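Structure first, then comments.
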Amino acid sequence: MEAHSMSGHVGLSGEDVGDPDGFRKHQNHHQDIGDVLQQVMAITDESLEEAQARKHALNCHRMKTALFDVLCEIKEKSALSIQGVQEKDSPEPHLMRLDNMLLAEGVAGPERGGASAAVVAAAAGGSPEDGTLEHAEYREKLSQIRQIYHAELDKYEQACNEFTSHVMNLLREQSRTRPISPKEIERMVGIVHRKFSSIQMQLKQSTCEAVMILRSRFLDARRQRRNFSKQAVETLNEYFYSHLANPYPNEETKEELAKKCCISVAQVANWFGNKRIRYKKNIAKYQEEVNVYAMKAAGDAVSVSSVASSANSPATPNSGGYPALCYTPDERL
DNA sequence: AGTAATGATTCAAA
DNA sequence: TTTGAATCATTACT
(Lines give C-alpha, C1' and ligand atoms only; values in the text may rest on other atoms or scores of the structure.)
Protein backbone atom coordinates (compact mmCIF):
# COMPACT_ATOMS: atom_id res chain seq x y z
CA MET A 1 0.00 0.00 0.00
CA GLU A 2 2.74 2.45 0.86
CA ALA A 3 4.47 1.59 -2.30
CA HIS A 4 1.34 2.50 -4.15
CA SER A 5 0.99 5.87 -2.51
CA MET A 6 4.69 6.59 -2.65
CA SER A 7 4.85 6.06 -6.36
CA GLY A 8 1.45 7.55 -6.91
CA HIS A 9 2.65 10.10 -9.36
CA VAL A 10 3.69 7.37 -11.70
CA GLY A 11 0.56 5.39 -11.25
CA LEU A 12 -1.72 8.37 -11.73
CA SER A 13 -1.64 8.12 -15.43
CA GLY A 14 -2.15 4.42 -15.35
CA GLU A 15 -5.60 3.09 -16.15
CA ASP A 16 -4.67 -0.24 -14.61
CA VAL A 17 -5.32 0.87 -11.00
CA GLY A 18 -8.03 -1.62 -10.69
CA ASP A 19 -6.01 -4.32 -12.28
CA PRO A 20 -4.13 -6.28 -9.57
CA ASP A 21 -1.93 -8.07 -12.06
CA GLY A 22 -0.90 -4.92 -13.80
CA PHE A 23 -0.28 -3.23 -10.50
CA ARG A 24 1.94 -6.04 -9.29
CA LYS A 25 3.87 -5.97 -12.47
CA HIS A 26 4.36 -2.27 -12.18
CA GLN A 27 5.58 -2.52 -8.66
CA ASN A 28 8.04 -5.19 -9.56
CA HIS A 29 9.34 -3.07 -12.36
CA HIS A 30 9.85 -0.16 -10.07
CA GLN A 31 11.82 -2.23 -7.65
CA ASP A 32 13.77 -3.66 -10.52
CA ILE A 33 14.64 -0.27 -11.90
CA GLY A 34 15.58 0.93 -8.47
CA ASP A 35 17.97 -1.98 -8.11
CA VAL A 36 19.45 -1.45 -11.51
CA LEU A 37 19.99 2.23 -10.84
CA GLN A 38 21.56 1.38 -7.52
CA GLN A 39 23.93 -0.91 -9.29
CA VAL A 40 24.75 1.69 -11.86
CA MET A 41 25.44 4.29 -9.22
CA ALA A 42 27.67 1.93 -7.30
CA ILE A 43 29.62 0.92 -10.33
CA THR A 44 32.28 3.59 -9.79
CA ASP A 45 33.10 2.18 -6.38
CA GLU A 46 33.82 -1.24 -7.72
CA SER A 47 36.96 -2.68 -9.16
CA LEU A 48 37.44 -2.93 -12.88
CA GLU A 49 36.65 -6.64 -13.08
CA GLU A 50 33.55 -6.22 -10.97
CA ALA A 51 32.49 -3.30 -13.08
CA GLN A 52 33.01 -5.26 -16.27
CA ALA A 53 30.99 -8.13 -14.87
CA ARG A 54 28.29 -5.75 -13.79
CA LYS A 55 28.25 -4.16 -17.18
CA HIS A 56 27.87 -7.52 -18.81
CA ALA A 57 25.09 -8.37 -16.43
CA LEU A 58 23.35 -5.12 -17.22
CA ASN A 59 23.66 -5.72 -20.91
CA CYS A 60 21.99 -9.04 -20.47
CA HIS A 61 19.40 -7.71 -18.10
CA ARG A 62 15.86 -8.32 -19.20
CA MET A 63 15.03 -4.69 -18.57
CA LYS A 64 17.84 -3.54 -20.75
CA THR A 65 15.81 -2.75 -23.83
CA ALA A 66 13.27 -0.91 -21.72
CA LEU A 67 15.99 1.13 -20.08
CA PHE A 68 17.48 1.84 -23.43
CA ASP A 69 14.14 3.08 -24.66
CA VAL A 70 13.81 5.36 -21.64
CA LEU A 71 17.25 6.72 -22.29
CA CYS A 72 16.31 7.28 -25.90
CA GLU A 73 13.26 9.20 -24.81
CA ILE A 74 15.18 11.37 -22.36
CA LYS A 75 17.73 12.00 -24.99
CA GLU A 76 15.07 12.92 -27.48
CA LYS A 77 13.81 15.59 -25.11
CA SER A 78 17.22 16.98 -24.30
CA ALA A 79 18.34 16.81 -27.90
CA LEU A 80 17.09 20.30 -28.52
CA SER A 81 19.39 21.79 -25.93
CA ILE A 82 22.30 19.85 -27.38
CA GLN A 83 21.46 21.12 -30.83
CA GLY A 84 21.45 24.63 -29.45
CA VAL A 85 25.01 24.32 -28.24
CA GLN A 86 26.36 23.76 -31.71
CA GLU A 87 30.09 24.31 -31.73
CA LYS A 88 30.93 27.51 -33.49
CA ASP A 89 33.69 26.87 -35.97
CA SER A 90 35.93 29.86 -35.42
CA PRO A 91 38.36 30.28 -38.31
CA GLU A 92 41.18 31.07 -35.87
CA PRO A 93 42.89 34.05 -37.47
CA HIS A 94 45.76 33.73 -35.04
CA LEU A 95 46.45 30.19 -36.15
CA MET A 96 46.30 31.28 -39.77
CA ARG A 97 48.88 33.94 -39.07
CA LEU A 98 51.19 31.47 -37.39
CA ASP A 99 50.79 29.04 -40.27
CA ASN A 100 51.52 31.70 -42.82
CA MET A 101 54.58 32.82 -40.97
CA LEU A 102 55.95 29.31 -40.59
CA LEU A 103 55.35 28.81 -44.27
CA ALA A 104 57.08 32.05 -45.13
CA GLU A 105 60.07 31.21 -42.97
CA GLY A 106 60.37 27.82 -44.62
CA VAL A 107 59.69 25.87 -41.44
CA ALA A 108 56.40 24.48 -42.60
CA GLY A 109 55.84 23.40 -46.17
CA PRO A 110 58.27 21.71 -48.56
CA GLU A 111 62.02 21.59 -47.99
CA ARG A 112 63.95 24.22 -49.80
CA GLY A 113 67.20 26.12 -49.91
CA GLY A 114 67.92 29.43 -48.25
CA ALA A 115 65.65 31.33 -50.59
CA SER A 116 63.96 33.26 -47.82
CA ALA A 117 67.28 34.04 -46.21
CA ALA A 118 68.58 35.46 -49.45
CA VAL A 119 65.46 37.54 -49.92
CA VAL A 120 65.74 38.92 -46.41
CA ALA A 121 69.38 39.77 -46.92
CA ALA A 122 68.59 41.55 -50.15
CA ALA A 123 65.75 43.45 -48.52
CA ALA A 124 68.08 44.58 -45.76
CA GLY A 125 70.22 46.15 -48.41
CA GLY A 126 73.23 43.86 -48.16
CA SER A 127 75.28 43.19 -51.21
CA PRO A 128 74.04 40.07 -52.93
CA GLU A 129 77.29 38.15 -52.73
CA ASP A 130 77.58 38.10 -48.95
CA GLY A 131 74.45 36.02 -48.58
CA THR A 132 75.41 32.39 -48.77
CA LEU A 133 78.47 32.39 -46.53
CA GLU A 134 76.93 34.30 -43.64
CA HIS A 135 73.68 32.36 -43.71
CA ALA A 136 75.09 28.86 -43.65
CA GLU A 137 74.82 28.74 -39.89
CA TYR A 138 71.42 30.34 -40.00
CA ARG A 139 70.14 27.72 -42.39
CA GLU A 140 71.56 24.97 -40.27
CA LYS A 141 69.81 26.25 -37.17
CA LEU A 142 66.61 26.80 -39.10
CA SER A 143 66.62 23.24 -40.33
CA GLN A 144 67.13 22.09 -36.76
CA ILE A 145 64.05 24.00 -35.72
CA ARG A 146 62.26 22.62 -38.74
CA GLN A 147 63.19 19.08 -37.80
CA ILE A 148 62.03 19.47 -34.21
CA TYR A 149 58.85 21.14 -35.37
CA HIS A 150 57.93 18.35 -37.72
CA ALA A 151 58.83 15.65 -35.23
CA GLU A 152 56.60 17.26 -32.64
CA LEU A 153 53.86 17.76 -35.15
CA ASP A 154 53.95 14.11 -36.14
CA LYS A 155 53.92 13.12 -32.50
CA TYR A 156 50.84 15.22 -31.87
CA GLU A 157 49.18 13.88 -34.97
CA GLN A 158 49.78 10.32 -33.89
CA ALA A 159 48.64 10.99 -30.35
CA CYS A 160 45.56 12.70 -31.66
CA ASN A 161 44.69 9.78 -33.89
CA GLU A 162 45.27 7.30 -31.11
CA PHE A 163 43.16 9.26 -28.72
CA THR A 164 40.44 9.77 -31.27
CA SER A 165 40.15 6.12 -32.07
CA HIS A 166 40.22 5.34 -28.38
CA VAL A 167 37.36 7.73 -27.78
CA MET A 168 35.46 6.33 -30.71
CA ASN A 169 35.88 2.80 -29.50
CA LEU A 170 34.74 3.87 -26.10
CA LEU A 171 31.66 5.56 -27.49
CA ARG A 172 30.86 2.62 -29.70
CA GLU A 173 31.13 0.36 -26.70
CA GLN A 174 28.92 2.69 -24.70
CA SER A 175 26.40 2.93 -27.49
CA ARG A 176 25.37 -0.58 -26.55
CA THR A 177 24.02 0.69 -23.24
CA ARG A 178 22.99 4.20 -24.13
CA PRO A 179 21.88 5.87 -27.30
CA ILE A 180 24.69 7.70 -29.07
CA SER A 181 24.10 9.19 -32.47
CA PRO A 182 26.89 9.39 -35.05
CA LYS A 183 26.56 13.13 -34.78
CA GLU A 184 27.53 12.96 -31.13
CA ILE A 185 30.55 10.86 -31.88
CA GLU A 186 31.45 13.39 -34.51
CA ARG A 187 31.11 16.13 -31.96
CA MET A 188 33.35 14.35 -29.49
CA VAL A 189 35.93 13.78 -32.17
CA GLY A 190 35.69 17.46 -32.97
CA ILE A 191 36.34 18.35 -29.35
CA VAL A 192 39.34 16.06 -29.23
CA HIS A 193 40.69 17.54 -32.42
CA ARG A 194 40.25 21.04 -31.13
CA LYS A 195 42.11 20.19 -27.95
CA PHE A 196 44.98 18.78 -29.92
CA SER A 197 45.02 21.65 -32.33
CA SER A 198 45.33 24.03 -29.43
CA ILE A 199 48.40 22.10 -28.37
CA GLN A 200 49.62 22.31 -31.93
CA MET A 201 49.11 26.02 -31.83
CA GLN A 202 51.35 26.26 -28.81
CA LEU A 203 53.99 24.37 -30.72
CA LYS A 204 53.60 26.69 -33.67
CA GLN A 205 53.73 29.70 -31.42
CA SER A 206 56.97 28.69 -29.78
CA THR A 207 58.44 27.66 -33.12
CA CYS A 208 57.63 31.07 -34.47
CA GLU A 209 59.31 32.66 -31.52
CA ALA A 210 62.39 30.52 -31.98
CA VAL A 211 62.57 31.46 -35.66
CA MET A 212 62.19 35.12 -34.85
CA ILE A 213 65.01 34.96 -32.33
CA LEU A 214 67.19 33.08 -34.79
CA ARG A 215 66.37 35.57 -37.46
CA SER A 216 67.24 38.57 -35.40
CA ARG A 217 70.39 36.84 -34.27
CA PHE A 218 71.70 36.06 -37.73
CA LEU A 219 69.85 38.09 -40.26
CA ASP A 220 69.82 41.42 -38.53
CA ALA A 221 71.80 43.60 -40.90
CA ARG A 222 73.35 45.34 -37.93
CA ARG A 223 75.27 42.21 -37.21
CA GLN A 224 77.10 42.18 -40.48
CA ARG A 225 77.70 45.82 -41.02
CA ARG A 226 80.25 46.80 -43.61
CA ASN A 227 81.35 50.37 -43.99
CA PHE A 228 80.79 51.91 -47.35
CA SER A 229 83.74 52.39 -49.61
CA LYS A 230 85.74 55.59 -49.31
CA GLN A 231 84.59 56.61 -52.71
CA ALA A 232 80.95 56.09 -51.76
CA VAL A 233 81.29 58.16 -48.58
CA GLU A 234 83.07 60.80 -50.64
CA THR A 235 80.22 60.99 -53.10
CA LEU A 236 77.58 61.16 -50.40
CA ASN A 237 79.45 63.83 -48.47
CA GLU A 238 79.90 65.85 -51.63
CA TYR A 239 76.20 65.96 -52.12
CA PHE A 240 75.46 66.54 -48.46
CA TYR A 241 77.80 69.50 -48.02
CA SER A 242 76.98 71.07 -51.34
CA HIS A 243 73.31 70.98 -50.36
CA LEU A 244 73.82 71.80 -46.71
CA ALA A 245 70.94 74.27 -46.77
CA ASN A 246 68.57 71.52 -47.81
CA PRO A 247 70.20 68.10 -47.60
CA TYR A 248 67.14 66.18 -48.73
CA PRO A 249 67.81 64.41 -52.00
CA ASN A 250 64.68 63.52 -53.89
CA GLU A 251 63.98 59.98 -55.02
CA GLU A 252 65.65 60.48 -58.35
CA THR A 253 68.79 61.89 -56.79
CA LYS A 254 68.86 59.09 -54.26
CA GLU A 255 68.78 56.56 -57.06
CA GLU A 256 71.56 58.37 -58.81
CA LEU A 257 73.70 58.46 -55.68
CA ALA A 258 72.91 54.82 -54.97
CA LYS A 259 74.11 53.80 -58.40
CA LYS A 260 77.24 55.90 -58.09
CA CYS A 261 78.06 54.45 -54.68
CA CYS A 262 77.09 50.86 -55.46
CA ILE A 263 74.62 50.79 -52.57
CA SER A 264 70.85 50.61 -52.38
CA VAL A 265 68.49 53.56 -52.33
CA ALA A 266 67.49 52.57 -48.80
CA GLN A 267 71.10 52.77 -47.74
CA VAL A 268 71.39 56.23 -49.26
CA ALA A 269 68.30 57.25 -47.32
CA ASN A 270 69.78 55.76 -44.15
CA TRP A 271 73.03 57.55 -44.71
CA PHE A 272 71.37 60.92 -45.18
CA GLY A 273 69.14 60.33 -42.19
CA ASN A 274 72.09 59.56 -40.00
CA LYS A 275 74.17 62.34 -41.47
CA ARG A 276 71.55 65.02 -40.97
CA ILE A 277 70.88 64.16 -37.35
CA ARG A 278 74.54 63.73 -36.51
CA TYR A 279 75.54 66.90 -38.23
CA LYS A 280 72.80 68.86 -36.52
CA LYS A 281 73.74 67.39 -33.17
CA ASN A 282 77.29 68.60 -33.32
CA ILE A 283 77.91 71.11 -36.04
CA ALA A 284 81.24 72.14 -34.55
CA LYS A 285 82.60 68.65 -34.93
CA TYR A 286 81.75 68.60 -38.62
CA GLN A 287 83.08 72.07 -39.35
CA GLU A 288 86.30 70.71 -40.73
CA GLU A 289 84.44 68.42 -43.09
CA VAL A 290 82.34 71.36 -44.22
CA ASN A 291 85.50 73.23 -45.14
CA VAL A 292 87.08 70.28 -46.88
CA TYR A 293 84.11 69.66 -49.11
CA ALA A 294 83.56 73.35 -49.74
CA MET A 295 87.15 73.60 -50.92
CA LYS A 296 86.71 70.51 -53.02
CA ALA A 297 83.67 71.93 -54.69
CA ALA A 298 85.51 75.14 -55.35
CA GLY A 299 88.49 73.21 -56.62
CA ASP A 300 86.28 71.24 -58.94
CA ALA A 301 84.74 74.35 -60.27
CA VAL A 302 88.13 75.89 -60.88
CA SER A 303 89.48 72.73 -62.39
CA VAL A 304 86.55 72.37 -64.71
CA SER A 305 86.61 75.97 -65.78
CA SER A 306 90.34 75.87 -66.28
CA VAL A 307 90.08 72.83 -68.46
CA ALA A 308 87.37 74.47 -70.41
CA SER A 309 89.10 77.79 -70.90
CA SER A 310 92.87 77.32 -70.94
CA ALA A 311 94.85 74.11 -70.67
CA ASN A 312 97.80 75.73 -68.90
CA SER A 313 96.24 77.42 -65.93
CA PRO A 314 98.08 77.49 -62.58
CA ALA A 315 97.99 74.12 -60.89
CA THR A 316 94.99 73.75 -58.65
CA PRO A 317 96.10 73.08 -55.06
CA ASN A 318 95.34 69.53 -54.23
CA SER A 319 95.00 70.44 -50.60
CA GLY A 320 92.11 68.23 -49.51
CA GLY A 321 94.09 65.10 -50.30
CA TYR A 322 91.32 63.92 -52.60
CA PRO A 323 92.26 61.33 -55.15
CA ALA A 324 94.18 63.17 -57.83
CA LEU A 325 93.41 60.60 -60.46
CA CYS A 326 89.83 61.72 -60.59
CA TYR A 327 90.63 65.32 -61.27
CA THR A 328 94.01 65.48 -62.93
CA PRO A 329 93.56 65.84 -66.64
CA ASP A 330 95.37 63.24 -68.71
CA GLU A 331 97.13 65.92 -70.73
CA ARG A 332 99.11 66.70 -67.57
CA LEU A 333 101.19 63.56 -68.25
C1' DA B 1 91.03 47.30 -23.60
C1' DG B 2 88.27 51.18 -24.45
C1' DT B 3 86.07 54.44 -27.35
C1' DA B 4 84.62 56.81 -31.52
C1' DA B 5 82.55 56.12 -35.92
C1' DT B 6 79.12 54.16 -38.55
C1' DG B 7 75.25 51.64 -40.83
C1' DA B 8 70.77 49.82 -39.60
C1' DT B 9 66.53 49.52 -36.97
C1' DT B 10 62.58 51.09 -34.37
C1' DC B 11 58.99 54.18 -33.35
C1' DA B 12 56.52 58.41 -32.95
C1' DA B 13 55.11 62.48 -35.40
C1' DA B 14 54.11 65.22 -39.40
C1' DT C 1 55.47 57.72 -46.43
C1' DT C 2 59.16 60.24 -44.92
C1' DT C 3 61.81 62.21 -41.26
C1' DG C 4 63.91 62.83 -36.62
C1' DA C 5 65.49 60.84 -32.67
C1' DA C 6 67.11 57.21 -29.92
C1' DT C 7 69.28 53.09 -29.93
C1' DC C 8 71.66 48.86 -31.31
C1' DA C 9 75.55 46.23 -33.00
C1' DT C 10 79.53 46.15 -35.42
C1' DT C 11 83.87 48.07 -37.18
C1' DA C 12 87.90 51.12 -36.91
C1' DC C 13 91.04 53.30 -34.30
C1' DT C 14 94.09 54.42 -30.31
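By convention here, the chains of the C-alpha coordinates are called A, B, ... in the order presented, each chain's residues are numbered starting at 1, and ligands are numbered starting at 1 in the order presented.
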Per residue of chain C within 9 Å of chain A, what are the shortest atom pair and its distance in Å to one decimal, counting only C-alpha atoms (C1' of nucleotides), with rows by chain and residue number, as CSV?
```
residue,atom,partner,partner_atom,distance
C:DT3,C1',A:Gly273,CA,7.6
C:DG4,C1',A:Ile277,CA,7.1
C:DA5,C1',A:Ile277,CA,7.9
C:DC8,C1',A:Arg222,CA,7.7
C:DA9,C1',A:Arg222,CA,5.5
C:DT10,C1',A:Arg225,CA,5.9
C:DT11,C1',A:Arg226,CA,7.5
```
Generate a file of the selected residues that holds all heavy atoms, formatted as a CSV table (one decimal), in the first residue's frame.
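The result, stored in part_27.csv:
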```csv
chain,number,residue,atom,x,y,z
C,3,DT,P,62.6,62.1,-46.5
C,3,DT,OP1,63.0,63.3,-47.3
C,3,DT,OP2,63.3,60.8,-46.7
C,3,DT,O5',62.6,62.4,-45.0
C,3,DT,C5',61.9,63.6,-44.5
C,3,DT,C4',62.0,63.7,-43.0
C,3,DT,O4',61.2,62.6,-42.5
C,3,DT,C3',63.4,63.6,-42.4
C,3,DT,O3',63.6,64.8,-41.8
C,3,DT,C2',63.3,62.4,-41.5
C,3,DT,C1',61.8,62.2,-41.3
C,3,DT,N1,61.4,60.8,-41.0
C,3,DT,C2,60.7,60.5,-39.9
C,3,DT,O2,60.4,61.3,-39.1
C,3,DT,N3,60.3,59.2,-39.8
C,3,DT,C4,60.6,58.2,-40.7
C,3,DT,O4,60.3,57.0,-40.5
C,3,DT,C5,61.4,58.5,-41.8
C,3,DT,C7,61.8,57.5,-42.9
C,3,DT,C6,61.7,59.8,-41.9
C,4,DG,P,65.0,65.1,-41.0
C,4,DG,OP1,65.3,66.5,-41.1
C,4,DG,OP2,66.0,64.1,-41.5
C,4,DG,O5',64.7,64.7,-39.5
C,4,DG,C5',63.5,65.4,-38.9
C,4,DG,C4',63.4,65.0,-37.4
C,4,DG,O4',63.0,63.6,-37.3
C,4,DG,C3',64.8,65.0,-36.7
C,4,DG,O3',64.5,65.5,-35.4
C,4,DG,C2',65.2,63.6,-36.7
C,4,DG,C1',63.9,62.8,-36.6
C,4,DG,N9,63.9,61.5,-37.3
C,4,DG,C8,64.4,61.2,-38.5
C,4,DG,N7,64.2,60.0,-38.9
C,4,DG,C5,63.4,59.5,-37.8
C,4,DG,C6,62.9,58.2,-37.7
C,4,DG,O6,63.0,57.2,-38.4
C,4,DG,N1,62.2,58.1,-36.5
C,4,DG,C2,62.1,59.1,-35.5
C,4,DG,N2,61.4,58.8,-34.4
C,4,DG,N3,62.6,60.3,-35.7
C,4,DG,C4,63.2,60.4,-36.9
C,5,DA,P,65.6,65.9,-34.4
C,5,DA,OP1,65.2,67.0,-33.5
C,5,DA,OP2,66.9,66.0,-35.1
C,5,DA,O5',65.7,64.6,-33.4
C,5,DA,C5',64.5,64.3,-32.7
C,5,DA,C4',64.7,62.9,-32.0
C,5,DA,O4',64.6,61.9,-33.0
C,5,DA,C3',66.1,62.7,-31.3
C,5,DA,O3',65.9,62.6,-29.9
C,5,DA,C2',66.7,61.5,-32.0
C,5,DA,C1',65.5,60.8,-32.7
C,5,DA,N9,65.8,60.1,-33.9
C,5,DA,C8,66.5,60.5,-35.0
C,5,DA,N7,66.6,59.6,-35.9
C,5,DA,C5,65.9,58.6,-35.4
C,5,DA,C6,65.6,57.3,-36.0
C,5,DA,N6,66.0,56.9,-37.2
C,5,DA,N1,64.9,56.4,-35.2
C,5,DA,C2,64.4,56.8,-34.0
C,5,DA,N3,64.6,58.0,-33.4
C,5,DA,C4,65.4,58.8,-34.2
C,8,DC,P,69.9,50.3,-26.7
C,8,DC,OP1,69.2,49.5,-25.7
C,8,DC,OP2,71.1,51.1,-26.3
C,8,DC,O5',70.3,49.4,-27.9
C,8,DC,C5',69.3,48.9,-28.7
C,8,DC,C4',69.9,48.2,-29.9
C,8,DC,O4',70.4,49.2,-30.9
C,8,DC,C3',71.1,47.3,-29.6
C,8,DC,O3',70.9,46.1,-30.3
C,8,DC,C2',72.3,48.1,-30.2
C,8,DC,C1',71.7,48.9,-31.3
C,8,DC,N1,72.3,50.1,-31.6
C,8,DC,C2,72.7,50.4,-33.0
C,8,DC,O2,72.5,49.5,-33.8
C,8,DC,N3,73.3,51.5,-33.3
C,8,DC,C4,73.5,52.5,-32.3
C,8,DC,N4,74.1,53.6,-32.7
C,8,DC,C5,73.1,52.2,-31.0
C,8,DC,C6,72.5,51.1,-30.7
C,9,DA,P,71.8,44.8,-29.8
C,9,DA,OP1,70.9,43.6,-29.9
C,9,DA,OP2,72.4,45.1,-28.5
C,9,DA,O5',72.9,44.8,-30.9
C,9,DA,C5',72.5,44.7,-32.3
C,9,DA,C4',73.8,44.7,-33.1
C,9,DA,O4',74.2,46.1,-33.2
C,9,DA,C3',75.0,44.0,-32.6
C,9,DA,O3',75.5,43.2,-33.6
C,9,DA,C2',75.9,45.1,-32.1
C,9,DA,C1',75.6,46.2,-33.0
C,9,DA,N9,75.8,47.6,-32.4
C,9,DA,C8,75.6,48.0,-31.1
C,9,DA,N7,75.9,49.2,-31.0
C,9,DA,C5,76.3,49.7,-32.2
C,9,DA,C6,76.6,51.0,-32.7
C,9,DA,N6,76.8,52.0,-31.9
C,9,DA,N1,76.9,51.1,-34.0
C,9,DA,C2,76.8,50.0,-34.8
C,9,DA,N3,76.4,48.8,-34.5
C,9,DA,C4,76.2,48.7,-33.2
C,10,DT,P,76.7,42.2,-33.4
C,10,DT,OP1,76.3,40.9,-34.0
C,10,DT,OP2,77.2,42.3,-32.0
C,10,DT,O5',77.9,42.9,-34.3
C,10,DT,C5',77.6,43.2,-35.7
C,10,DT,C4',78.5,44.3,-36.2
C,10,DT,O4',78.3,45.4,-35.4
C,10,DT,C3',80.0,43.9,-36.1
C,10,DT,O3',80.4,43.8,-37.4
C,10,DT,C2',80.6,45.1,-35.4
C,10,DT,C1',79.5,46.2,-35.4
C,10,DT,N1,79.6,47.1,-34.3
C,10,DT,C2,79.8,48.4,-34.5
C,10,DT,O2,80.0,48.9,-35.6
C,10,DT,N3,79.8,49.2,-33.4
C,10,DT,C4,79.6,48.8,-32.1
C,10,DT,O4,79.6,49.6,-31.2
C,10,DT,C5,79.3,47.4,-31.9
C,10,DT,C7,79.1,46.9,-30.5
C,10,DT,C6,79.3,46.6,-33.0
C,11,DT,P,81.9,43.3,-37.7
C,11,DT,OP1,81.9,42.6,-39.0
C,11,DT,OP2,82.5,42.8,-36.5
C,11,DT,O5',82.7,44.7,-38.0
C,11,DT,C5',82.1,45.6,-39.0
C,11,DT,C4',82.9,46.9,-39.0
C,11,DT,O4',82.7,47.6,-37.7
C,11,DT,C3',84.4,46.8,-39.1
C,11,DT,O3',84.9,47.7,-40.0
C,11,DT,C2',84.9,47.1,-37.6
C,11,DT,C1',83.9,48.1,-37.2
C,11,DT,N1,83.7,48.2,-35.7
C,11,DT,C2,83.7,49.4,-35.1
C,11,DT,O2,83.9,50.5,-35.8
C,11,DT,N3,83.5,49.5,-33.8
C,11,DT,C4,83.2,48.4,-33.0
C,11,DT,O4,83.0,48.5,-31.8
C,11,DT,C5,83.2,47.1,-33.6
C,11,DT,C7,82.9,45.9,-32.8
C,11,DT,C6,83.4,47.1,-35.0
```
TODO: Using only C-alpha atoms (C1' of nucleotides), determine which residues of chain B fall within 12 Å of chain A; present them as number ranges by chain.
DONE: B: 5-9
With N, CA, C and O atoms (P, O5', C5', C4', C3', O3' and C1' of nucleotides) retained, export the selected residues as a PDB file, in the first residue's frame.
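And here is the file that came out, out.pdb:
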```pdb
ATOM      1  P    DA B   5      84.112  60.393 -33.454  1.00  0.00           P
ATOM      2  O5'  DA B   5      83.799  59.233 -34.506  1.00  0.00           O
ATOM      3  C5'  DA B   5      84.888  58.569 -35.135  1.00  0.00           C
ATOM      4  C4'  DA B   5      84.365  57.577 -36.162  1.00  0.00           C
ATOM      5  C3'  DA B   5      83.220  58.095 -37.030  1.00  0.00           C
ATOM      6  O3'  DA B   5      83.464  57.687 -38.358  1.00  0.00           O
ATOM      7  C1'  DA B   5      82.549  56.116 -35.921  1.00  0.00           C
ATOM      8  P    DT B   6      82.499  58.153 -39.519  1.00  0.00           P
ATOM      9  O5'  DT B   6      81.526  56.903 -39.617  1.00  0.00           O
ATOM     10  C5'  DT B   6      82.073  55.603 -39.797  1.00  0.00           C
ATOM     11  C4'  DT B   6      80.956  54.579 -39.873  1.00  0.00           C
ATOM     12  C3'  DT B   6      79.709  55.064 -40.618  1.00  0.00           C
ATOM     13  O3'  DT B   6      79.297  54.049 -41.504  1.00  0.00           O
ATOM     14  C1'  DT B   6      79.116  54.157 -38.551  1.00  0.00           C
ATOM     15  P    DG B   7      78.739  54.460 -42.938  1.00  0.00           P
ATOM     16  O5'  DG B   7      77.555  53.411 -43.163  1.00  0.00           O
ATOM     17  C5'  DG B   7      77.860  52.037 -43.185  1.00  0.00           C
ATOM     18  C4'  DG B   7      76.716  51.242 -42.599  1.00  0.00           C
ATOM     19  C3'  DG B   7      75.331  51.547 -43.204  1.00  0.00           C
ATOM     20  O3'  DG B   7      74.740  50.326 -43.605  1.00  0.00           O
ATOM     21  C1'  DG B   7      75.251  51.643 -40.833  1.00  0.00           C
ATOM     22  P    DA B   8      73.267  50.244 -44.149  1.00  0.00           P
ATOM     23  O5'  DA B   8      72.449  49.842 -42.868  1.00  0.00           O
ATOM     24  C5'  DA B   8      72.780  48.633 -42.201  1.00  0.00           C
ATOM     25  C4'  DA B   8      71.773  48.345 -41.106  1.00  0.00           C
ATOM     26  C3'  DA B   8      70.314  48.511 -41.540  1.00  0.00           C
ATOM     27  O3'  DA B   8      69.595  47.353 -41.153  1.00  0.00           O
ATOM     28  C1'  DA B   8      70.771  49.824 -39.603  1.00  0.00           C
ATOM     29  P    DT B   9      68.054  47.219 -41.481  1.00  0.00           P
ATOM     30  O5'  DT B   9      67.393  47.573 -40.076  1.00  0.00           O
ATOM     31  C5'  DT B   9      67.818  46.865 -38.919  1.00  0.00           C
ATOM     32  C4'  DT B   9      67.086  47.382 -37.691  1.00  0.00           C
ATOM     33  C3'  DT B   9      65.571  47.534 -37.890  1.00  0.00           C
ATOM     34  O3'  DT B   9      64.916  46.840 -36.851  1.00  0.00           O
ATOM     35  C1'  DT B   9      66.525  49.519 -36.971  1.00  0.00           C
TER      36       DT B   9
END
```
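Pairwise distance (atom CA of A:Arg176, atom CA of A:Leu67) equals 11.5 Å.
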- [ ] Could you tell me, as an MDAnalysis selection string, which residues of stretch 64-290 of chain A DSSP assigns to alpha helix (DSSP H) when given the backbone?
- [x] chainID A and resid 64:84 93:104 115:123 131:174 182:218 230:242 251:261 265:281 287:290
Open item on the list: Give me, as a ChimeraX atom specification, all polymer residues having an atom no more than 12 Å from A:Tyr293, counting only C-alpha atoms (C1' of nucleotides) and skipping those fewer than 5 positions away in the same chain.
Closed with: /A:233-244,286-288,298-300,319-322
